[in-house]
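Source file: my_file.cif (mmCIF, C-alpha atoms and all ligand atoms)
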```
data_data
loop_
_atom_site.group_PDB
_atom_site.id
_atom_site.type_symbol
_atom_site.label_atom_id
_atom_site.label_comp_id
_atom_site.auth_asym_id
_atom_site.auth_seq_id
_atom_site.Cartn_x
_atom_site.Cartn_y
_atom_site.Cartn_z
ATOM 1 C CA MET T 1 -7.437 12.276 -16.462
ATOM 2 C CA SER T 2 -10.760 11.275 -14.973
ATOM 3 C CA THR T 3 -10.561 9.882 -11.483
ATOM 4 C CA ASN T 4 -13.961 8.270 -11.232
ATOM 5 C CA LEU T 5 -12.830 5.269 -13.272
ATOM 6 C CA ILE T 6 -11.738 3.607 -10.080
ATOM 7 C CA TYR T 7 -14.294 2.086 -7.771
ATOM 8 C CA GLY T 8 -12.378 3.098 -4.672
ATOM 9 C CA ASP T 9 -9.102 4.563 -3.510
ATOM 10 C CA TYR T 10 -7.655 2.056 -1.061
ATOM 11 C CA HIS T 11 -4.508 3.887 0.023
ATOM 12 C CA THR T 12 -4.849 7.362 1.566
ATOM 13 C CA HIS T 13 -3.160 9.136 4.466
ATOM 14 C CA THR T 14 -4.592 11.596 6.974
ATOM 15 C CA VAL T 15 -3.371 13.827 9.781
ATOM 16 C CA PHE T 16 -3.053 10.655 11.865
ATOM 17 C CA SER T 17 0.202 9.952 10.036
ATOM 18 C CA HIS T 18 1.650 12.706 7.878
ATOM 19 C CA GLY T 19 -1.232 13.364 5.517
ATOM 20 C CA LYS T 20 -2.860 16.787 5.380
ATOM 21 C CA GLY T 21 -6.560 15.904 5.473
ATOM 22 C CA THR T 22 -8.692 14.768 8.362
ATOM 23 C CA ILE T 23 -10.480 11.458 7.889
ATOM 24 C CA GLU T 24 -13.704 13.358 7.168
ATOM 25 C CA GLN T 25 -12.022 15.594 4.589
ATOM 26 C CA ASN T 26 -10.583 12.534 2.813
ATOM 27 C CA VAL T 27 -14.048 10.995 2.749
ATOM 28 C CA GLN T 28 -15.655 14.181 1.409
ATOM 29 C CA GLU T 29 -13.001 14.460 -1.289
ATOM 30 C CA ALA T 30 -13.571 10.840 -2.324
ATOM 31 C CA ILE T 31 -17.317 11.476 -2.597
ATOM 32 C CA LYS T 32 -16.582 14.515 -4.767
ATOM 33 C CA HIS T 33 -14.747 12.201 -7.161
ATOM 34 C CA ASN T 34 -17.668 9.746 -7.236
ATOM 35 C CA LEU T 35 -15.678 7.029 -5.494
ATOM 36 C CA LYS T 36 -17.725 4.262 -3.906
ATOM 37 C CA ALA T 37 -15.067 3.325 -1.368
ATOM 38 C CA ILE T 38 -12.127 4.862 0.427
ATOM 39 C CA ALA T 39 -9.575 3.273 2.720
ATOM 40 C CA ILE T 40 -7.834 5.254 5.427
ATOM 41 C CA THR T 41 -4.404 3.677 5.604
ATOM 42 C CA ASP T 42 -2.038 5.698 7.723
ATOM 43 C CA HIS T 43 1.518 4.618 8.405
ATOM 44 C CA GLY T 44 2.083 1.700 10.746
ATOM 45 C CA PHE T 45 2.564 1.558 14.494
ATOM 46 C CA GLY T 46 6.332 1.233 14.165
ATOM 47 C CA GLN T 47 7.047 4.365 12.176
ATOM 48 C CA PRO T 48 8.611 7.028 14.382
ATOM 49 C CA PHE T 49 6.889 10.451 14.219
ATOM 50 C CA ALA T 50 4.686 9.570 11.233
ATOM 51 C CA GLY T 51 3.002 6.369 12.407
ATOM 52 C CA ILE T 52 -0.277 5.724 14.169
ATOM 53 C CA THR T 53 -0.289 4.738 17.836
ATOM 54 C CA PRO T 54 -2.601 2.353 19.696
ATOM 55 C CA LYS T 55 -4.157 5.433 21.314
ATOM 56 C CA SER T 56 -4.662 7.406 18.098
ATOM 57 C CA PHE T 57 -6.074 4.331 16.386
ATOM 58 C CA GLU T 58 -8.858 4.205 18.970
ATOM 59 C CA VAL T 59 -9.761 7.800 18.042
ATOM 60 C CA MET T 60 -9.696 6.872 14.351
ATOM 61 C CA LYS T 61 -12.044 3.949 14.966
ATOM 62 C CA GLU T 62 -14.529 6.232 16.721
ATOM 63 C CA GLN T 63 -14.392 8.819 13.944
ATOM 64 C CA VAL T 64 -14.871 6.230 11.208
ATOM 65 C CA LYS T 65 -17.837 4.776 13.062
ATOM 66 C CA GLU T 66 -19.532 8.177 13.035
ATOM 67 C CA LEU T 67 -18.579 8.967 9.448
ATOM 68 C CA ARG T 68 -20.086 5.694 8.228
ATOM 69 C CA VAL T 69 -23.427 6.920 9.532
ATOM 70 C CA LYS T 70 -22.962 10.454 8.191
ATOM 71 C CA TYR T 71 -21.852 9.397 4.677
ATOM 72 C CA PRO T 72 -23.742 6.206 3.770
ATOM 73 C CA GLU T 73 -23.068 6.796 0.068
ATOM 74 C CA ILE T 74 -19.453 5.655 0.436
ATOM 75 C CA LYS T 75 -17.866 2.625 2.037
ATOM 76 C CA ILE T 76 -15.150 3.643 4.506
ATOM 77 C CA LEU T 77 -12.462 1.115 5.342
ATOM 78 C CA LEU T 78 -10.058 1.664 8.201
ATOM 79 C CA GLY T 79 -6.733 -0.043 7.725
ATOM 80 C CA VAL T 80 -3.023 0.566 7.840
ATOM 81 C CA GLU T 81 0.024 0.832 5.638
ATOM 82 C CA ALA T 82 2.233 -1.372 7.770
ATOM 83 C CA ASN T 83 6.009 -1.227 7.586
ATOM 84 C CA ILE T 84 8.296 -4.062 6.649
ATOM 85 C CA ILE T 85 10.734 -3.649 9.509
ATOM 86 C CA ASN T 86 13.482 -6.253 9.220
ATOM 87 C CA LYS T 87 15.109 -8.872 7.042
ATOM 88 C CA LYS T 88 12.817 -11.551 8.438
ATOM 89 C CA GLY T 89 10.008 -9.741 6.659
ATOM 90 C CA GLU T 90 8.199 -8.874 9.849
ATOM 91 C CA ILE T 91 5.724 -6.010 9.816
ATOM 92 C CA ASP T 92 4.841 -3.557 12.574
ATOM 93 C CA LEU T 93 1.411 -4.994 13.212
ATOM 94 C CA THR T 94 0.587 -7.512 15.921
ATOM 95 C CA ASP T 95 -1.908 -10.315 15.365
ATOM 96 C CA GLU T 96 -4.199 -8.544 17.809
ATOM 97 C CA GLN T 97 -3.983 -5.218 15.934
ATOM 98 C CA GLU T 98 -4.536 -7.079 12.663
ATOM 99 C CA LYS T 99 -8.038 -8.057 13.790
ATOM 100 C CA ASP T 100 -9.033 -4.388 13.908
ATOM 101 C CA MET T 101 -8.052 -3.718 10.292
ATOM 102 C CA ASP T 102 -10.473 -3.668 7.362
ATOM 103 C CA ILE T 103 -7.527 -3.740 4.955
ATOM 104 C CA ILE T 104 -3.809 -4.382 5.405
ATOM 105 C CA LEU T 105 -1.295 -2.703 3.156
ATOM 106 C CA ALA T 106 2.431 -3.165 3.658
ATOM 107 C CA GLY T 107 5.442 -1.450 2.203
ATOM 108 C CA TYR T 108 9.015 -0.503 2.857
ATOM 109 C CA HIS T 109 9.801 2.948 4.284
ATOM 110 C CA LEU T 110 13.305 4.011 5.149
ATOM 111 C CA SER T 111 12.228 5.945 8.239
ATOM 112 C CA ALA T 112 10.824 2.796 9.828
ATOM 113 C CA THR T 113 14.157 0.986 9.656
ATOM 114 C CA GLN T 114 16.896 3.557 10.057
ATOM 115 C CA ARG T 115 16.642 3.588 13.839
ATOM 116 C CA ARG T 116 16.402 -0.167 14.257
ATOM 117 C CA LEU T 117 19.331 -2.504 14.679
ATOM 118 C CA PRO T 118 19.991 -4.711 12.762
ATOM 119 C CA ALA T 119 17.522 -3.465 10.102
ATOM 120 C CA LEU T 120 19.757 -0.428 9.851
ATOM 121 C CA PHE T 121 22.397 -2.505 8.070
ATOM 122 C CA SER T 122 20.208 -5.028 6.259
ATOM 123 C CA LEU T 123 17.575 -2.588 4.903
ATOM 124 C CA ALA T 124 18.230 1.083 5.673
ATOM 125 C CA VAL T 125 21.828 1.411 4.490
ATOM 126 C CA PRO T 126 21.082 -0.480 1.223
ATOM 127 C CA ALA T 127 18.073 1.836 0.698
ATOM 128 C CA VAL T 128 20.264 4.910 1.047
ATOM 129 C CA LEU T 129 22.791 3.379 -1.357
ATOM 130 C CA TRP T 130 19.897 2.722 -3.772
ATOM 131 C CA THR T 131 19.114 6.444 -3.832
ATOM 132 C CA ALA T 132 22.710 6.935 -5.004
ATOM 133 C CA GLY T 133 22.179 4.374 -7.777
ATOM 134 C CA ILE T 134 24.082 1.584 -6.027
ATOM 135 C CA CYS T 135 22.546 -1.864 -5.659
ATOM 136 C CA THR T 136 24.207 -5.254 -5.984
ATOM 137 C CA LYS T 137 22.585 -8.441 -7.281
ATOM 138 C CA GLY T 138 23.055 -9.956 -3.837
ATOM 139 C CA GLN T 139 21.069 -7.139 -2.279
ATOM 140 C CA VAL T 140 18.251 -7.614 -4.803
ATOM 141 C CA ARG T 141 18.163 -11.306 -3.845
ATOM 142 C CA ARG T 142 18.055 -10.471 -0.141
ATOM 143 C CA ASN T 143 15.389 -7.784 -0.627
ATOM 144 C CA THR T 144 13.240 -10.229 -2.578
ATOM 145 C CA GLN T 145 13.416 -12.724 0.268
ATOM 146 C CA VAL T 146 12.300 -10.040 2.723
ATOM 147 C CA TYR T 147 9.158 -9.347 0.679
ATOM 148 C CA LEU T 148 8.473 -13.051 0.202
ATOM 149 C CA LYS T 149 8.777 -13.759 3.916
ATOM 150 C CA ALA T 150 6.386 -10.882 4.683
ATOM 151 C CA ILE T 151 3.789 -12.105 2.198
ATOM 152 C CA GLN T 152 4.170 -15.736 3.217
ATOM 153 C CA SER T 153 3.919 -15.132 6.945
ATOM 154 C CA ARG T 154 1.134 -12.514 7.085
ATOM 155 C CA LYS T 155 -2.159 -12.039 5.283
ATOM 156 C CA ILE T 156 -1.166 -8.825 3.554
ATOM 157 C CA ASP T 157 -3.803 -7.546 1.132
ATOM 158 C CA VAL T 158 -1.627 -5.139 -0.827
ATOM 159 C CA ILE T 159 2.076 -4.510 -1.272
ATOM 160 C CA THR T 160 2.483 -0.765 -1.767
ATOM 161 C CA HIS T 161 5.037 0.785 -4.151
ATOM 162 C CA PRO T 162 6.854 -2.563 -4.667
ATOM 163 C CA GLY T 163 10.594 -2.252 -4.976
ATOM 164 C CA TYR T 164 10.724 1.443 -4.160
ATOM 165 C CA MET T 165 14.003 2.021 -2.277
ATOM 166 C CA MET T 166 14.304 -1.748 -2.074
ATOM 167 C CA PRO T 167 14.819 -3.274 -5.531
ATOM 168 C CA ILE T 168 13.559 -6.805 -6.005
ATOM 169 C CA ASP T 169 13.364 -9.677 -8.448
ATOM 170 C CA TYR T 170 9.923 -8.920 -9.896
ATOM 171 C CA ASP T 171 9.504 -12.376 -11.452
ATOM 172 C CA GLU T 172 9.924 -14.154 -8.136
ATOM 173 C CA PHE T 173 7.996 -11.537 -6.161
ATOM 174 C CA GLY T 174 5.167 -11.587 -8.696
ATOM 175 C CA LYS T 175 4.855 -15.360 -8.624
ATOM 176 C CA CYS T 176 4.565 -15.354 -4.842
ATOM 177 C CA CYS T 177 1.928 -12.572 -4.846
ATOM 178 C CA ALA T 178 -0.050 -14.384 -7.542
ATOM 179 C CA ASP T 179 0.095 -17.707 -5.653
ATOM 180 C CA LEU T 180 -0.998 -16.223 -2.339
ATOM 181 C CA GLY T 181 -3.490 -13.640 -3.571
ATOM 182 C CA THR T 182 -1.663 -10.520 -2.433
ATOM 183 C CA LEU T 183 -2.434 -7.568 -4.672
ATOM 184 C CA VAL T 184 0.375 -5.449 -6.055
ATOM 185 C CA GLU T 185 -0.095 -1.703 -6.147
ATOM 186 C CA ILE T 186 0.837 0.271 -9.227
ATOM 187 C CA SER T 187 1.937 3.441 -7.497
ATOM 188 C CA THR T 188 1.283 6.798 -9.103
ATOM 189 C CA ARG T 189 3.013 8.564 -6.228
ATOM 190 C CA HIS T 190 6.326 6.722 -6.605
ATOM 191 C CA GLU T 191 5.941 5.647 -10.239
ATOM 192 C CA VAL T 192 6.676 1.984 -9.579
ATOM 193 C CA PRO T 193 6.719 -0.551 -11.048
ATOM 194 C CA THR T 194 8.390 0.660 -14.209
ATOM 195 C CA GLU T 195 7.091 -0.675 -17.524
ATOM 196 C CA GLU T 196 9.792 -3.335 -17.668
ATOM 197 C CA ASN T 197 8.963 -4.589 -14.183
ATOM 198 C CA LEU T 198 5.226 -4.342 -14.742
ATOM 199 C CA GLU T 199 5.611 -6.739 -17.664
ATOM 200 C CA LYS T 200 7.252 -9.255 -15.343
ATOM 201 C CA LEU T 201 4.419 -8.928 -12.844
ATOM 202 C CA ILE T 202 1.812 -9.348 -15.573
ATOM 203 C CA ASN T 203 3.543 -12.501 -16.810
ATOM 204 C CA ALA T 204 3.706 -13.837 -13.253
ATOM 205 C CA GLY T 205 -0.097 -13.660 -13.042
ATOM 206 C CA VAL T 206 -0.382 -10.877 -10.477
ATOM 207 C CA ASN T 207 -3.588 -8.964 -9.814
ATOM 208 C CA PHE T 208 -3.179 -5.245 -9.292
ATOM 209 C CA ILE T 209 -4.725 -2.350 -7.427
ATOM 210 C CA ILE T 210 -4.296 1.308 -8.347
ATOM 211 C CA ASN T 211 -4.377 3.835 -5.536
ATOM 212 C CA SER T 212 -3.377 7.436 -5.007
ATOM 213 C CA ASP T 213 -1.339 7.051 -1.784
ATOM 214 C CA ALA T 214 -2.679 10.569 -1.217
ATOM 215 C CA HIS T 215 -1.000 12.685 1.434
ATOM 216 C CA GLU T 216 -2.778 15.840 0.233
ATOM 217 C CA LEU T 217 -6.512 16.210 -0.280
ATOM 218 C CA ASN T 218 -6.184 17.106 -3.945
ATOM 219 C CA GLU T 219 -4.364 13.812 -4.596
ATOM 220 C CA ILE T 220 -7.277 11.591 -3.589
ATOM 221 C CA GLY T 221 -8.448 9.451 -6.492
ATOM 222 C CA CYS T 222 -5.480 10.545 -8.606
ATOM 223 C CA VAL T 223 -4.041 7.478 -10.320
ATOM 224 C CA ASP T 224 -2.776 8.907 -13.606
ATOM 225 C CA TYR T 225 0.545 7.055 -13.819
ATOM 226 C CA ALA T 226 -1.060 3.724 -12.971
ATOM 227 C CA LEU T 227 -3.985 4.228 -15.304
ATOM 228 C CA GLY T 228 -1.644 5.093 -18.166
ATOM 229 C CA LEU T 229 0.164 1.776 -17.729
ATOM 230 C CA VAL T 230 -3.062 -0.173 -17.328
ATOM 231 C CA GLU T 231 -4.346 1.216 -20.624
ATOM 232 C CA LYS T 232 -1.036 0.702 -22.396
ATOM 233 C CA TYR T 233 -0.836 -2.963 -21.368
ATOM 234 C CA ASN T 234 -4.572 -3.510 -21.612
ATOM 235 C CA ILE T 235 -4.785 -5.135 -18.177
ATOM 236 C CA GLN T 236 -8.056 -3.553 -17.019
ATOM 237 C CA ASP T 237 -9.425 -6.984 -16.064
ATOM 238 C CA ARG T 238 -6.449 -7.578 -13.754
ATOM 239 C CA VAL T 239 -6.995 -4.405 -11.716
ATOM 240 C CA VAL T 240 -9.402 -5.137 -8.886
ATOM 241 C CA ASN T 241 -10.577 -1.592 -8.236
ATOM 242 C CA LEU T 242 -11.324 -0.694 -11.823
ATOM 243 C CA ASN T 243 -14.424 -2.820 -11.740
ATOM 244 C CA SER T 244 -17.825 -1.580 -10.784
ATOM 245 C CA CYS T 245 -18.075 -3.866 -7.781
ATOM 246 C CA GLU T 246 -16.111 -4.719 -4.692
ATOM 247 C CA PHE T 247 -13.443 -7.402 -4.479
ATOM 248 C CA LYS T 248 -12.248 -9.922 -1.930
ATOM 249 C CA LEU T 249 -9.368 -9.130 0.357
ATOM 250 C CA ARG T 250 -6.852 -11.786 1.332
ATOM 251 C CA SER T 251 -6.974 -10.818 5.014
ATOM 252 C CA LYS T 252 -10.712 -11.469 5.034
ATOM 253 C CA SER T 253 -10.578 -14.877 3.354
HETATM 254 ZN ZN ZN Q 301 4.251 4.052 1.474
HETATM 255 ZN ZN ZN Q 302 1.323 5.467 1.701
#
```
Let me see whether you can do it: turn the structure in this file into structure tokens.
Ligand SMILES: [Zn+2]
Ligand SMILES: [Zn+2]
Amino acid sequence: MSTNLIYGDYHTHTVFSHGKGTIEQNVQEAIKHNLKAIAITDHGFGQPFAGITPKSFEVMKEQVKELRVKYPEIKILLGVEANIINKKGEIDLTDEQEKDMDIILAGYHLSATQRRLPALFSLAVPAVLWTAGICTKGQVRRNTQVYLKAIQSRKIDVITHPGYMMPIDYDEFGKCCADLGTLVEISTRHEVPTEENLEKLINAGVNFIINSDAHELNEIGCVDYALGLVEKYNIQDRVVNLNSCEFKLRSKS
């Protein structure tokens, strides 16, 4: 499927977390696919082994500054895919660090919670049980509250792969995202939301973004799963990066 239907790919990883490409290689690949924008969104400061560090982020900032001059044909955003790290919905991004970000994505990743007490019991163990097909209604309720608290307390632009490893009530989650202007990602990488849950998000009035979440260079701009759903449900006008222009981010409002 063609990849140049999207204006930009706003969720890509590089060698600064556990992606394979350098920032420059990601940018070059995006240009090859005729993208007008790319966001570099490596894993958050609190992710052991795979996350960015305050020191590495300084290097990233320098590189992006130079690449913006070298490749004026594409807009390069430097952001983060922050981690939801506890049941209070806190993310691993300080207010100070937030100021440095062009775009703020947030999602749940098991590796960012399995070494933290008490997130180990409130988020990590339930996530492992989820992989075995076990999830209670009470856990879904608690997970939903975690997402809501995150969105309500921080200006998160995009929730990545919503519900992946952390099932939620999509009606309630969708309503909150719609009210506050947080975009919901339709994830090709993790194939969430499912059709059934996408319908709930559509009915809740959510606006969407479709990104690759590329960890490999050849994945940049690849949004096949998401695009298939967008076409099936005819929601092109609800997907912010399918348009031929840029869109407003909640963190910048
Ligand atoms: Zn992720
Ligand atoms: Zn990611």
Open item on the list: Which residues, named as in the file, does the PyMOL selection byres (((chain T and resi 142) around 10) and not hetatm) pick out? Answer as a PyMOL selection string.
Closed with: chain T and resi 87+122-123+136-141+143-148+166-169
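Across the model, the gap from atom CA of T:Glu216 to atom CA of T:Lys75 is 20.1 Å.
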Task: Shell of 8 Å around ligand ZN 302 (chain Q) (only C-alpha atoms and all ligand atoms), written as a list in words - done: His11, Thr12, His13, Thr41, Asp42, His43, Glu81, Thr160, Asp213, Ala214 and His215 of chain T
Open item on the list: Calculated over all atoms listed in the file, which of the candidates T:Leu110, T:Val64, T:Leu77, T:Met165 has the smallest distance to T:Gly46?
Closed with: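 Among T:Leu110, T:Val64, T:Leu77, T:Met165, it is T:Leu110 that comes nearest to T:Gly46.
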Task: 12 Å shell around ligand ZN 301 (chain Q) using all atoms listed in the file, listed as a PyMOL selection string - done: chain T and resi 11-13+17-19+41-44+47+50-51+80-84+105-112+158-165+185-192+211-215
Task: Point-to-point distance from atom CA of T:Ile23 to atom CA of T:Asn241, Å rounded to tenths - done: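 The value is 20.7 Å.
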Open item on the list: Considering only C-alpha atoms, can you say which of T:Lys200, T:Lys88, T:Lys232, T:Lys20 comes closest to T:Glu172?
Closed with: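 When distances to T:Glu172 are compared using only C-alpha atoms, the smallest one comes from T:Lys200.
One finds atom CA of T:Val206 at 9.3 Å from atom CA of T:Val239.
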TODO: Just the residues within 12 Å of T:Asn34, please, counting all atoms listed in the file, with nothing from its chain fewer than 6 positions along; format it as number ranges by chain.
DONE: T: 2-9, 27-28, 73-75, 220-221, 244
Would you put the residues from that selection into a file with C-alpha atoms, as a short mmCIF file (atom, residue, chain, number, x, y, z; two decimals), keeping the file's coordinate frame?
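Okay, out_11.cif is ready:
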```
data_model
loop_
_atom_site.label_atom_id
_atom_site.label_comp_id
_atom_site.auth_asym_id
_atom_site.auth_seq_id
_atom_site.Cartn_x
_atom_site.Cartn_y
_atom_site.Cartn_z
CA SER T 2 -10.76 11.28 -14.97
CA THR T 3 -10.56 9.88 -11.48
CA ASN T 4 -13.96 8.27 -11.23
CA LEU T 5 -12.83 5.27 -13.27
CA ILE T 6 -11.74 3.61 -10.08
CA TYR T 7 -14.29 2.09 -7.77
CA GLY T 8 -12.38 3.10 -4.67
CA ASP T 9 -9.10 4.56 -3.51
CA VAL T 27 -14.05 11.00 2.75
CA GLN T 28 -15.66 14.18 1.41
CA GLU T 73 -23.07 6.80 0.07
CA ILE T 74 -19.45 5.66 0.44
CA LYS T 75 -17.87 2.62 2.04
CA ILE T 220 -7.28 11.59 -3.59
CA GLY T 221 -8.45 9.45 -6.49
CA SER T 244 -17.82 -1.58 -10.78
#
```
Can you spell out as a short mmCIF file (atom, residue, chain, number, x, y, z; two decimals) with C-alpha atoms, in the coordinates of the input the set of residues that the PyMOL selection byres (((chain T and resi 154) around 12) and not hetatm) selects in the structure I just provided?
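Below is the file part.cif, written as the result:
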```
data_model
loop_
_atom_site.label_atom_id
_atom_site.label_comp_id
_atom_site.auth_asym_id
_atom_site.auth_seq_id
_atom_site.Cartn_x
_atom_site.Cartn_y
_atom_site.Cartn_z
CA ALA T 82 2.23 -1.37 7.77
CA ILE T 84 8.30 -4.06 6.65
CA LYS T 88 12.82 -11.55 8.44
CA GLY T 89 10.01 -9.74 6.66
CA GLU T 90 8.20 -8.87 9.85
CA ILE T 91 5.72 -6.01 9.82
CA ASP T 92 4.84 -3.56 12.57
CA LEU T 93 1.41 -4.99 13.21
CA THR T 94 0.59 -7.51 15.92
CA ASP T 95 -1.91 -10.32 15.36
CA GLU T 98 -4.54 -7.08 12.66
CA ILE T 104 -3.81 -4.38 5.40
CA LEU T 105 -1.30 -2.70 3.16
CA ALA T 106 2.43 -3.16 3.66
CA TYR T 147 9.16 -9.35 0.68
CA LEU T 148 8.47 -13.05 0.20
CA LYS T 149 8.78 -13.76 3.92
CA ALA T 150 6.39 -10.88 4.68
CA ILE T 151 3.79 -12.10 2.20
CA GLN T 152 4.17 -15.74 3.22
CA SER T 153 3.92 -15.13 6.94
CA LYS T 155 -2.16 -12.04 5.28
CA ILE T 156 -1.17 -8.82 3.55
CA ASP T 157 -3.80 -7.55 1.13
CA VAL T 158 -1.63 -5.14 -0.83
CA ILE T 159 2.08 -4.51 -1.27
CA CYS T 177 1.93 -12.57 -4.85
CA LEU T 180 -1.00 -16.22 -2.34
CA GLY T 181 -3.49 -13.64 -3.57
CA THR T 182 -1.66 -10.52 -2.43
CA ARG T 250 -6.85 -11.79 1.33
CA SER T 251 -6.97 -10.82 5.01
#
```
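Nearest to T:Ile76 of all the residues T:Leu229, T:Ala124, T:Ile40, T:Met60 is T:Ile40, based on all atoms listed in the file.
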Please provide the set of residues having any atom within 9 Å of T:Gln25, restricted to all atoms listed in the file, with same-chain residues fewer than 5 positions apart removed, written as a PDB file with C-alpha atoms, in the coordinates of the input.
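Once everything was written out, this is selection.pdb:
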```
ATOM      1  CA  THR T  14      -4.592  11.596   6.974  1.00  0.00           C
ATOM      2  CA  ALA T  30     -13.571  10.840  -2.324  1.00  0.00           C
ATOM      3  CA  LEU T 217      -6.512  16.210  -0.280  1.00  0.00           C
TER       4      LEU T 217
END
```
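Distance annotation: of T:Phe173, T:Glu24, T:Ala204, T:Tyr10, the residue with the minimal separation from T:Leu242 is T:Tyr10; atom set is only C-alpha atoms.
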Open item on the list: Here is a test: counting all atoms listed in the file, which residue of T:Val184, T:Lys175, T:Gly21, T:Leu227 is nearest to T:Asn203?
Closed with: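 Closest candidate: T:Lys175.
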